[in-house]
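Q: So that you have it, the file is start-v3.tsv, and it contains TSV, C-alpha atoms and all ligand atoms:
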```tsv
chain	number	residue	atom	x	y	z
A	1	MET	CA	-28.13	-9.08	-10.62
A	2	ARG	CA	-27.62	-5.50	-11.69
A	3	GLY	CA	-27.75	-2.65	-9.28
A	4	ALA	CA	-25.75	-4.11	-6.44
A	5	ALA	CA	-23.77	-0.89	-5.99
A	6	GLY	CA	-23.87	-0.52	-2.27
A	7	LEU	CA	-22.40	-1.36	1.04
A	8	ILE	CA	-21.62	-5.01	1.60
A	9	LEU	CA	-19.38	-6.01	4.48
A	10	GLY	CA	-18.10	-2.46	4.61
A	11	ALA	CA	-16.89	-2.55	1.04
A	12	PHE	CA	-18.21	-0.71	-1.97
A	13	ILE	CA	-19.24	-3.16	-4.62
A	14	VAL	CA	-19.90	-2.22	-8.19
A	15	ALA	CA	-21.70	-4.90	-10.14
A	16	LEU	CA	-20.42	-4.75	-13.66
A	17	ALA	CA	-22.72	-4.90	-16.68
A	18	SER	CA	-24.38	-8.28	-16.88
A	19	ALA	CA	-25.92	-10.27	-19.68
A	20	CYS	CA	-29.37	-10.00	-18.10
A	21	GLY	CA	-29.26	-6.26	-18.50
A	22	GLY	CA	-31.15	-4.00	-16.18
A	23	GLY	CA	-30.92	-0.37	-15.22
A	24	GLY	CA	-27.84	1.67	-15.85
A	25	ASP	CA	-27.36	2.79	-12.28
A	26	GLY	CA	-24.02	3.30	-10.64
A	27	ASP	CA	-21.02	5.15	-11.93
A	28	ALA	CA	-19.10	2.24	-13.35
A	29	LYS	CA	-18.66	2.40	-17.11
A	30	LEU	CA	-17.91	-1.02	-18.50
A	31	VAL	CA	-16.48	-1.73	-21.92
A	32	PHE	CA	-15.71	-5.19	-23.27
A	33	ASN	CA	-13.27	-5.68	-26.11
A	34	SER	CA	-12.86	-8.97	-27.88
A	35	PRO	CA	-9.70	-9.61	-29.85
A	36	SER	CA	-11.61	-11.61	-32.50
A	37	HIS	CA	-14.69	-9.51	-33.08
A	38	THR	CA	-16.44	-6.42	-31.82
A	39	SER	CA	-18.69	-7.35	-28.99
A	40	VAL	CA	-20.19	-6.07	-25.81
A	41	ALA	CA	-21.07	-7.86	-22.61
A	42	ASN	CA	-24.54	-8.92	-23.73
A	43	ALA	CA	-23.63	-9.87	-27.28
A	44	SER	CA	-24.90	-13.22	-28.57
A	45	PRO	CA	-22.68	-16.15	-27.67
A	46	THR	CA	-20.57	-17.55	-30.51
A	47	PRO	CA	-19.43	-21.17	-30.90
A	48	THR	CA	-15.89	-20.18	-29.90
A	49	SER	CA	-16.67	-18.07	-26.85
A	50	THR	CA	-18.49	-19.28	-23.76
A	51	PRO	CA	-20.53	-16.60	-22.01
A	52	ILE	CA	-19.03	-15.71	-18.66
A	53	PRO	CA	-20.77	-13.87	-15.84
A	54	PRO	CA	-19.26	-10.40	-15.52
A	55	PRO	CA	-16.84	-9.79	-12.66
A	56	GLU	CA	-17.53	-7.66	-9.63
A	57	LEU	CA	-15.29	-4.74	-8.65
A	58	ILE	CA	-14.93	-4.30	-4.90
A	59	LEU	CA	-13.29	-1.19	-3.43
A	60	SER	CA	-12.46	-1.05	0.30
A	61	ALA	CA	-13.25	2.68	0.16
A	62	THR	CA	-14.14	5.31	-2.44
A	63	THR	CA	-12.85	8.14	-0.23
A	64	VAL	CA	-9.26	7.96	0.97
A	65	TYR	CA	-6.80	10.29	2.70
A	66	GLN	CA	-3.45	11.33	1.25
A	67	ALA	CA	-0.98	8.57	2.25
A	68	GLY	CA	-3.88	6.13	2.55
A	69	ALA	CA	-4.52	3.06	0.40
A	70	VAL	CA	-7.50	1.35	-1.25
A	71	LEU	CA	-7.85	-2.41	-1.57
A	72	VAL	CA	-9.16	-3.13	-5.07
A	73	SER	CA	-10.60	-6.62	-5.66
A	74	VAL	CA	-12.06	-8.14	-8.81
A	75	VAL	CA	-14.23	-11.22	-8.21
A	76	GLY	CA	-15.27	-13.57	-11.00
A	77	GLU	CA	-13.76	-15.62	-13.80
A	78	VAL	CA	-10.89	-13.21	-14.24
A	79	THR	CA	-7.38	-14.39	-15.09
A	80	GLY	CA	-5.43	-11.13	-14.94
A	81	GLY	CA	-5.40	-7.41	-15.33
A	82	ASN	CA	-4.21	-4.20	-13.78
A	83	VAL	CA	-5.39	-1.06	-12.04
A	84	GLN	CA	-4.40	2.50	-13.02
A	85	PHE	CA	-4.71	5.34	-10.54
A	86	LEU	CA	-2.97	8.72	-10.25
A	87	GLY	CA	-0.57	7.88	-13.07
A	88	ARG	CA	0.59	4.58	-11.54
A	89	THR	CA	-0.20	1.03	-12.72
A	90	PHE	CA	-0.55	-1.97	-10.43
A	91	PRO	CA	-0.90	-5.62	-11.56
A	92	LEU	CA	-3.80	-7.60	-10.09
A	93	ALA	CA	-2.48	-10.36	-7.79
A	94	GLN	CA	-4.11	-13.72	-7.06
A	95	GLY	CA	-5.90	-13.72	-3.71
A	96	SER	CA	-7.86	-16.53	-2.07
A	97	GLN	CA	-11.19	-15.53	-3.64
A	98	SER	CA	-10.37	-12.70	-6.02
A	99	LEU	CA	-7.72	-10.86	-7.95
A	100	TYR	CA	-6.64	-7.83	-5.96
A	101	THR	CA	-4.09	-5.09	-5.43
A	102	PHE	CA	-3.40	-2.28	-3.01
A	103	VAL	CA	-3.65	1.15	-4.61
A	104	PRO	CA	-1.71	3.82	-2.71
A	105	VAL	CA	-2.15	7.57	-2.51
A	106	ASP	CA	1.13	9.45	-2.14
A	107	ALA	CA	1.41	12.16	0.53
A	108	GLU	CA	1.93	14.66	-2.32
A	109	ASP	CA	-0.93	13.48	-4.58
A	110	ALA	CA	-3.51	16.21	-5.10
A	111	PRO	CA	-6.79	16.08	-3.17
A	112	GLY	CA	-10.00	15.81	-5.24
A	113	ASP	CA	-11.76	13.26	-7.45
A	114	HIS	CA	-9.48	11.03	-9.53
A	115	PRO	CA	-10.39	8.33	-12.07
A	116	LEU	CA	-9.50	4.71	-11.28
A	117	ARG	CA	-9.42	2.27	-14.20
A	118	VAL	CA	-9.41	-1.52	-13.93
A	119	ASP	CA	-8.49	-3.55	-17.03
A	120	PHE	CA	-9.19	-7.28	-16.83
A	121	VAL	CA	-9.00	-10.47	-18.90
A	122	LEU	CA	-11.71	-13.13	-18.54
A	123	SER	CA	-11.05	-16.86	-18.66
A	124	ASN	CA	-12.46	-17.05	-22.22
A	125	GLY	CA	-9.82	-14.55	-23.37
A	126	SER	CA	-12.11	-11.55	-23.72
A	127	GLN	CA	-11.03	-8.29	-22.15
A	128	GLY	CA	-12.85	-5.47	-20.47
A	129	HIS	CA	-12.38	-2.50	-18.25
A	130	VAL	CA	-14.31	-0.55	-15.69
A	131	ASP	CA	-13.92	3.05	-14.57
A	132	GLU	CA	-14.57	4.35	-11.08
A	133	THR	CA	-13.84	7.55	-9.18
A	134	ILE	CA	-11.89	7.81	-5.93
A	135	SER	CA	-12.01	10.98	-3.82
A	136	VAL	CA	-8.71	11.91	-2.19
A	137	ILE	CA	-9.00	13.94	1.02
A	138	SER	CA	-6.14	16.16	2.16
A	139	ALA	CA	-4.31	15.09	5.30
A	140	GLN	CA	-2.99	17.66	7.74
A	141	TRP	CA	0.78	17.38	8.14
A	142	THR	CA	2.50	18.66	11.25
A	143	VAL	CA	5.78	20.58	10.93
A	144	ASP	CA	8.84	19.96	13.08
A	145	ALA	CA	11.17	22.98	13.27
A	146	ILE	CA	14.77	21.81	13.63
A	147	ASP	CA	17.85	23.94	14.19
A	148	VAL	CA	20.94	22.32	12.74
A	149	PRO	CA	24.44	23.74	13.40
A	150	GLU	CA	26.22	24.92	10.24
A	151	SER	CA	28.85	22.19	10.74
A	152	GLN	CA	26.26	19.39	10.46
A	153	THR	CA	24.22	20.56	7.47
A	154	GLY	CA	26.10	18.02	5.33
A	155	LEU	CA	23.83	15.36	6.84
A	156	LEU	CA	20.90	17.04	5.08
A	157	ASP	CA	22.40	16.14	1.71
A	158	PRO	CA	19.80	13.87	0.06
A	159	ARG	CA	22.63	11.84	-1.48
A	160	VAL	CA	23.39	10.53	2.01
A	161	GLY	CA	21.50	7.27	2.11
A	162	ALA	CA	20.79	7.16	-1.63
A	163	ASP	CA	22.17	3.61	-1.79
A	164	GLU	CA	19.91	2.60	1.08
A	165	LEU	CA	16.88	4.11	-0.63
A	166	GLU	CA	17.76	2.29	-3.82
A	167	LEU	CA	18.00	-1.02	-1.93
A	168	LEU	CA	14.64	-0.48	-0.21
A	169	ASN	CA	12.96	0.68	-3.42
A	170	SER	CA	14.14	-2.51	-5.14
A	171	VAL	CA	12.72	-4.60	-2.28
A	172	TYR	CA	9.40	-2.71	-2.29
A	173	ALA	CA	9.10	-2.99	-6.08
A	174	LYS	CA	8.88	-6.82	-6.08
A	175	VAL	CA	5.26	-7.98	-6.08
A	176	THR	CA	4.51	-11.41	-4.62
A	177	PRO	CA	1.28	-12.40	-6.39
A	178	GLN	CA	-0.20	-14.44	-3.52
A	179	LYS	CA	-2.01	-12.80	-0.65
A	180	LEU	CA	0.08	-13.44	2.47
A	181	TRP	CA	-1.60	-11.06	4.92
A	182	THR	CA	-4.71	-12.07	6.80
A	183	GLY	CA	-7.14	-10.32	9.13
A	184	PRO	CA	-6.64	-6.97	10.84
A	185	TRP	CA	-3.36	-5.04	11.10
A	186	ALA	CA	-1.64	-4.43	14.45
A	187	VAL	CA	0.60	-1.62	15.72
A	188	PRO	CA	3.97	-3.43	15.95
A	189	THR	CA	5.16	-2.28	19.37
A	190	ALA	CA	3.89	-0.72	22.59
A	191	GLY	CA	4.89	2.90	23.15
A	192	ALA	CA	4.11	6.56	22.56
A	193	LEU	CA	3.56	7.81	19.02
A	194	THR	CA	6.38	10.36	18.75
A	195	THR	CA	6.42	11.33	15.06
A	196	ARG	CA	3.45	10.71	12.81
A	197	PHE	CA	3.66	9.68	9.19
A	198	GLY	CA	3.97	12.66	6.86
A	199	GLU	CA	5.39	15.15	9.35
A	200	GLN	CA	7.39	17.80	7.51
A	201	ARG	CA	10.67	19.33	8.64
A	202	SER	CA	11.76	22.93	8.58
A	203	TYR	CA	15.55	23.19	8.95
A	204	ASN	CA	16.87	26.50	10.31
A	205	GLY	CA	13.62	28.27	9.43
A	206	SER	CA	13.43	26.99	5.84
A	207	GLU	CA	10.20	26.16	3.99
A	208	PRO	CA	8.75	22.89	5.39
A	209	SER	CA	9.68	20.02	3.09
A	210	GLY	CA	9.65	16.28	2.75
A	211	HIS	CA	7.36	13.89	4.56
A	212	HIS	CA	8.34	11.52	7.33
A	213	GLY	CA	8.02	8.15	5.60
A	214	GLY	CA	6.89	6.16	8.60
A	215	THR	CA	5.43	6.19	12.10
A	216	ASP	CA	7.83	6.61	15.05
A	217	ILE	CA	6.96	4.87	18.28
A	218	GLY	CA	9.14	5.72	21.29
A	219	ALA	CA	9.85	2.82	23.65
A	220	ALA	CA	12.64	1.58	25.87
A	221	GLU	CA	15.51	-0.24	24.20
A	222	GLY	CA	14.73	-3.94	24.13
A	223	THR	CA	10.94	-3.56	23.88
A	224	PRO	CA	9.67	-6.41	21.64
A	225	VAL	CA	8.64	-5.59	18.06
A	226	TYR	CA	5.99	-7.78	16.45
A	227	ALA	CA	4.98	-8.32	12.82
A	228	THR	CA	2.02	-6.07	11.95
A	229	ASN	CA	0.58	-8.88	9.85
A	230	THR	CA	1.44	-12.23	8.30
A	231	GLY	CA	4.08	-12.41	5.58
A	232	ARG	CA	7.59	-13.37	4.54
A	233	VAL	CA	10.76	-11.67	5.78
A	234	VAL	CA	12.50	-10.30	2.67
A	235	LEU	CA	15.14	-8.16	4.39
A	236	ALA	CA	16.85	-8.48	7.79
A	237	ARG	CA	20.15	-6.62	7.88
A	238	GLU	CA	21.99	-3.58	9.20
A	239	LEU	CA	21.59	-0.41	7.12
A	240	ARG	CA	23.49	2.87	7.44
A	241	LEU	CA	20.55	5.18	8.23
A	242	ARG	CA	17.81	2.80	9.32
A	243	GLY	CA	20.11	0.64	11.43
A	244	ASN	CA	18.95	-2.92	12.05
A	245	MET	CA	15.98	-3.28	9.73
A	246	VAL	CA	13.45	-5.98	8.94
A	247	VAL	CA	11.06	-5.86	5.98
A	248	VAL	CA	8.06	-8.20	5.74
A	249	ASP	CA	6.36	-8.87	2.38
A	250	HIS	CA	2.57	-9.21	2.83
A	251	GLY	CA	1.87	-9.97	-0.85
A	252	GLY	CA	0.16	-7.92	-3.54
A	253	GLY	CA	2.89	-5.26	-3.41
A	254	LEU	CA	2.42	-4.42	0.28
A	255	PHE	CA	5.37	-4.39	2.71
A	256	SER	CA	6.05	-3.37	6.32
A	257	GLY	CA	9.47	-2.16	7.50
A	258	TYR	CA	10.87	-1.93	11.04
A	259	ALA	CA	13.98	0.22	11.57
A	260	HIS	CA	16.55	1.26	14.22
A	261	MET	CA	16.09	-2.02	16.13
A	262	SER	CA	18.74	-3.08	18.67
A	263	ALA	CA	18.61	-6.57	17.16
A	264	PHE	CA	16.36	-8.66	14.95
A	265	SER	CA	15.19	-12.19	15.65
A	266	VAL	CA	14.22	-13.35	12.17
A	267	ALA	CA	16.12	-14.24	9.01
A	268	GLU	CA	15.49	-13.39	5.36
A	269	GLY	CA	13.14	-15.94	3.79
A	270	GLN	CA	11.41	-16.77	7.09
A	271	PHE	CA	7.60	-16.80	7.22
A	272	VAL	CA	6.05	-14.88	10.14
A	273	GLN	CA	2.53	-14.73	11.52
A	274	GLN	CA	0.92	-11.53	12.74
A	275	GLY	CA	2.19	-10.93	16.28
A	276	ASP	CA	5.39	-12.97	15.88
A	277	LEU	CA	8.47	-11.43	17.49
A	278	ILE	CA	10.76	-9.98	14.80
A	279	GLY	CA	13.17	-7.85	16.88
A	280	TYR	CA	13.63	-5.27	19.62
A	281	VAL	CA	13.33	-1.49	19.80
A	282	GLY	CA	16.74	0.17	19.57
A	283	ASN	CA	18.74	3.23	18.60
A	284	THR	CA	20.82	1.91	15.67
A	285	GLY	CA	21.53	3.87	12.47
A	286	LEU	CA	20.71	7.60	12.27
A	287	SER	CA	18.61	7.85	15.42
A	288	THR	CA	18.73	10.12	18.46
A	289	GLY	CA	16.87	7.92	20.93
A	290	ALA	CA	15.38	4.47	21.26
A	291	HIS	CA	12.33	4.19	18.97
A	292	LEU	CA	10.79	2.05	16.27
A	293	HIS	CA	10.47	3.62	12.82
A	294	TRP	CA	7.64	1.63	11.22
A	295	GLU	CA	7.00	2.12	7.53
A	296	MET	CA	4.46	0.65	5.11
A	297	SER	CA	4.94	0.55	1.34
A	298	ALA	CA	2.06	-0.15	-1.08
A	299	GLY	CA	2.84	-0.39	-4.79
A	300	GLY	CA	6.22	1.28	-4.17
A	301	VAL	CA	4.67	4.28	-2.36
A	302	LEU	CA	5.20	4.88	1.37
A	303	VAL	CA	1.82	5.17	3.07
A	304	ASP	CA	0.60	5.83	6.62
A	305	GLY	CA	0.69	2.64	8.72
A	306	MET	CA	-1.86	4.01	11.19
A	307	ARG	CA	-4.49	4.08	8.43
A	308	PHE	CA	-4.17	0.29	8.29
A	309	THR	CA	-4.63	-0.18	12.03
A	310	ASP	CA	-7.36	2.45	12.59
A	311	GLY	CA	-9.55	1.19	9.76
A	312	THR	CA	-9.76	4.36	7.64
A	313	ASN	CA	-8.48	2.47	4.58
A	314	GLY	CA	-11.53	0.22	4.84
A	315	PHE	CA	-9.61	-3.07	5.21
B	401	ZN	ZN	10.92	7.69	11.67
```
Using the file provided, produce a representation of the structure as structure tokens.

A:
Amino acid sequence: MRGAAGLILGAFIVALASACGGGGDGDAKLVFNSPSHTSVANASPTPTSTPIPPPELILSATTVYQAGAVLVSVVGEVTGGNVQFLGRTFPLAQGSQSLYTFVPVDAEDAPGDHPLRVDFVLSNGSQGHVDETISVISAQWTVDAIDVPESQTGLLDPRVGADELELLNSVYAKVTPQKLWTGPWAVPTAGALTTRFGEQRSYNGSEPSGHHGGTDIGAAEGTPVYATNTGRVVLARELRLRGNMVVVDHGGGLFSGYAHMSAFSVAEGQFVQQGDLIGYVGNTGLSTGAHLHWEMSAGGVLVDGMRFTDGTNGF
């Protein structure tokens, strides 16, 4: 039972300490705390606590790029818990066969090894935690040099669109516990990739700053836009900067957003399957040509959508 740290279905699985003991291989350090008495995983059963097999921690990857994400799953008789990584905390959501959450890496998070801690509660009320290490790899950001006439530099004011950001942040902060997504992720429209996630901008020769918070796909106005995965439409309205925008909630704190569309064909509250038509490529809002701005938010952090579709996130 012990020693299952290895590759199973492309995921890294760490078998937590079990009652039948065994070697202390693997990096996971497991600690059990009981509210009623000091105990460890292989302590003798007491009349009031039923022994429970220890849960398994499954990570979709232990190496992840900046602006990537890791799918963290805990399988077993677990009723709740949370994951801490890079100073952020994410509640475990109820999936079909496990508790899980998406753990994002911000574009600005430092490369290197970082501790990941999972706290969990078992169905008999006892608590435990497990520590792992995730390696963050630096991503290479391109820089777009833009010359802006003096008369238009007011548009660079970060307060422009602050209301819109606040609205989106409030949408992205709501975690639907159930897993709504299923299967692989799809690029939402056909066209050329014109601006990658994370691209920085240098205005009038200034130091490159900011990171493009999505993936831009150039396509003719009216080109269909499809849901990247299954979920519920939580926003479908016209915004000042992003124009006609749809946001789909995939559960577990993961969302996809589709901006600058000429029109949308879904309503808030509607359930969509992967590949369902949600709107059309357009040039609405602050946009200088027909394109889809596609963004993904995990745990309130904007991450690179292409890492979902190219498999580098491991799920
Ligand atoms: Zn964009």

Q: Rank A:Ser262, A:Thr195, A:Ser96, A:Ser202 by their smallest atom-to-atom distance to ligand ZN 401 (chain B), using all atoms listed in the file, and report the top residue only.

A: A:Thr195

Q: Please identify the residues whose atoms come within 10 Å of ligand ZN 401 (chain B), using only C-alpha atoms and all ligand atoms, and report them as number ranges by chain.

A: A: 194-199, 212-218, 242, 258-260, 286-287, 291-295

Q: Could you tell me which of A:Thr133, A:His250, A:Ile58, A:Ala298 comes closest to Trp185 in chain A if we count only C-alpha atoms?

A: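 Checking each candidate against Trp185 in chain A, we get A:His250 as the closest.
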
Q: Distance cut-off 9 Å, centre (-5.3, 5.0, -11.0) in file coordinates, counting only C-alpha atoms: which residues qualify? Return them as an mmCIF file with C-alpha atoms, in the coordinates of the input.

A:
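Below is the file that was written, out00.cif:
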```cif
data_model
loop_
_atom_site.group_PDB
_atom_site.id
_atom_site.type_symbol
_atom_site.label_atom_id
_atom_site.label_comp_id
_atom_site.auth_asym_id
_atom_site.auth_seq_id
_atom_site.Cartn_x
_atom_site.Cartn_y
_atom_site.Cartn_z
ATOM 1 C CA VAL A 83 -5.390 -1.060 -12.040
ATOM 2 C CA GLN A 84 -4.400 2.500 -13.020
ATOM 3 C CA PHE A 85 -4.710 5.340 -10.540
ATOM 4 C CA LEU A 86 -2.970 8.720 -10.250
ATOM 5 C CA GLY A 87 -0.570 7.880 -13.070
ATOM 6 C CA ARG A 88 0.590 4.580 -11.540
ATOM 7 C CA THR A 89 -0.200 1.030 -12.720
ATOM 8 C CA PHE A 90 -0.550 -1.970 -10.430
ATOM 9 C CA VAL A 103 -3.650 1.150 -4.610
ATOM 10 C CA HIS A 114 -9.480 11.030 -9.530
ATOM 11 C CA PRO A 115 -10.390 8.330 -12.070
ATOM 12 C CA LEU A 116 -9.500 4.710 -11.280
ATOM 13 C CA ARG A 117 -9.420 2.270 -14.200
ATOM 14 C CA VAL A 118 -9.410 -1.520 -13.930
ATOM 15 C CA ILE A 134 -11.890 7.810 -5.930
#
```

Q: Determine, counting only C-alpha atoms, which protein, DNA and RNA residues have an atom within 8 Å of an atom of Val281 in chain A; residues of the same chain fewer than 3 positions away are not included. Present the result as a PDB file with C-alpha atoms, in the frame of the given file.

A:
```pdb
ATOM      1  CA  ALA A 219       9.850   2.820  23.650  1.00  0.00           C
ATOM      2  CA  ALA A 220      12.640   1.580  25.870  1.00  0.00           C
ATOM      3  CA  GLU A 221      15.510  -0.240  24.200  1.00  0.00           C
ATOM      4  CA  GLY A 222      14.730  -3.940  24.130  1.00  0.00           C
ATOM      5  CA  THR A 223      10.940  -3.560  23.880  1.00  0.00           C
ATOM      6  CA  PRO A 224       9.670  -6.410  21.640  1.00  0.00           C
ATOM      7  CA  VAL A 225       8.640  -5.590  18.060  1.00  0.00           C
ATOM      8  CA  HIS A 260      16.550   1.260  14.220  1.00  0.00           C
ATOM      9  CA  MET A 261      16.090  -2.020  16.130  1.00  0.00           C
ATOM     10  CA  SER A 262      18.740  -3.080  18.670  1.00  0.00           C
ATOM     11  CA  ALA A 263      18.610  -6.570  17.160  1.00  0.00           C
ATOM     12  CA  ALA A 290      15.380   4.470  21.260  1.00  0.00           C
ATOM     13  CA  HIS A 291      12.330   4.190  18.970  1.00  0.00           C
ATOM     14  CA  LEU A 292      10.790   2.050  16.270  1.00  0.00           C
TER      15      LEU A 292
END
```

Q: Pick out the residues sitting within 8 Å of Val105 in chain A, and hand them over as a tab-separated table (two decimals) with C-alpha atoms, in the coordinates of the input; count only C-alpha atoms, and ignore anything fewer than 5 positions along from it in its own chain.

A:
```tsv
chain	number	residue	atom	x	y	z
A	64	VAL	CA	-9.26	7.96	0.97
A	65	TYR	CA	-6.80	10.29	2.70
A	66	GLN	CA	-3.45	11.33	1.25
A	67	ALA	CA	-0.98	8.57	2.25
A	68	GLY	CA	-3.88	6.13	2.55
A	69	ALA	CA	-4.52	3.06	0.40
A	86	LEU	CA	-2.97	8.72	-10.25
A	136	VAL	CA	-8.71	11.91	-2.19
A	301	VAL	CA	4.67	4.28	-2.36
A	303	VAL	CA	1.82	5.17	3.07
```

Q: Point out the residue among A:Val175, A:Ala93, A:Asp276, A:Gly205 with the least atom-to-atom distance to Ala145 in chain A, counting all atoms listed in the file.

A: A:Gly205

Q: I'd like to know which of A:Gly257, A:Gly275, A:Pro104, A:Gly183 is closest to Val72 in chain A, using all atoms listed in the file.

A: A:Pro104

Q: As an exercise, work out the distance from CA of Val171 in chain A to CA of Val234 in chain A in Å and give it to one decimal place.

A: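 CA of Val171 in chain A sits 7.6 Å away from CA of Val234 in chain A.
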
Q: Quick one: pull the distance between CA of Glu164 in chain A and CA of Ala236 in chain A, Å, one decimal.

A: 13.3 Å

Q: Pick the closest to Leu302 in chain A from A:Glu108, A:Asn283, A:Thr189, A:Tyr226: which is it, counting all atoms listed in the file?

A: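 Nearest to Leu302 in chain A: A:Glu108.
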
Q: In Å, rounded to a single decimal, give me how far CA of Phe308 in chain A is from CA of Met296 in chain A.

A: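 Going from CA of Met296 in chain A over to CA of Phe308 in chain A, I get 9.2 Å.
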
Q: Find the residue from A:Phe315, A:Phe120, A:Tyr203, A:Tyr100 that sits nearest to Thr182 in chain A; use all atoms listed in the file when measuring.

A: A:Phe315
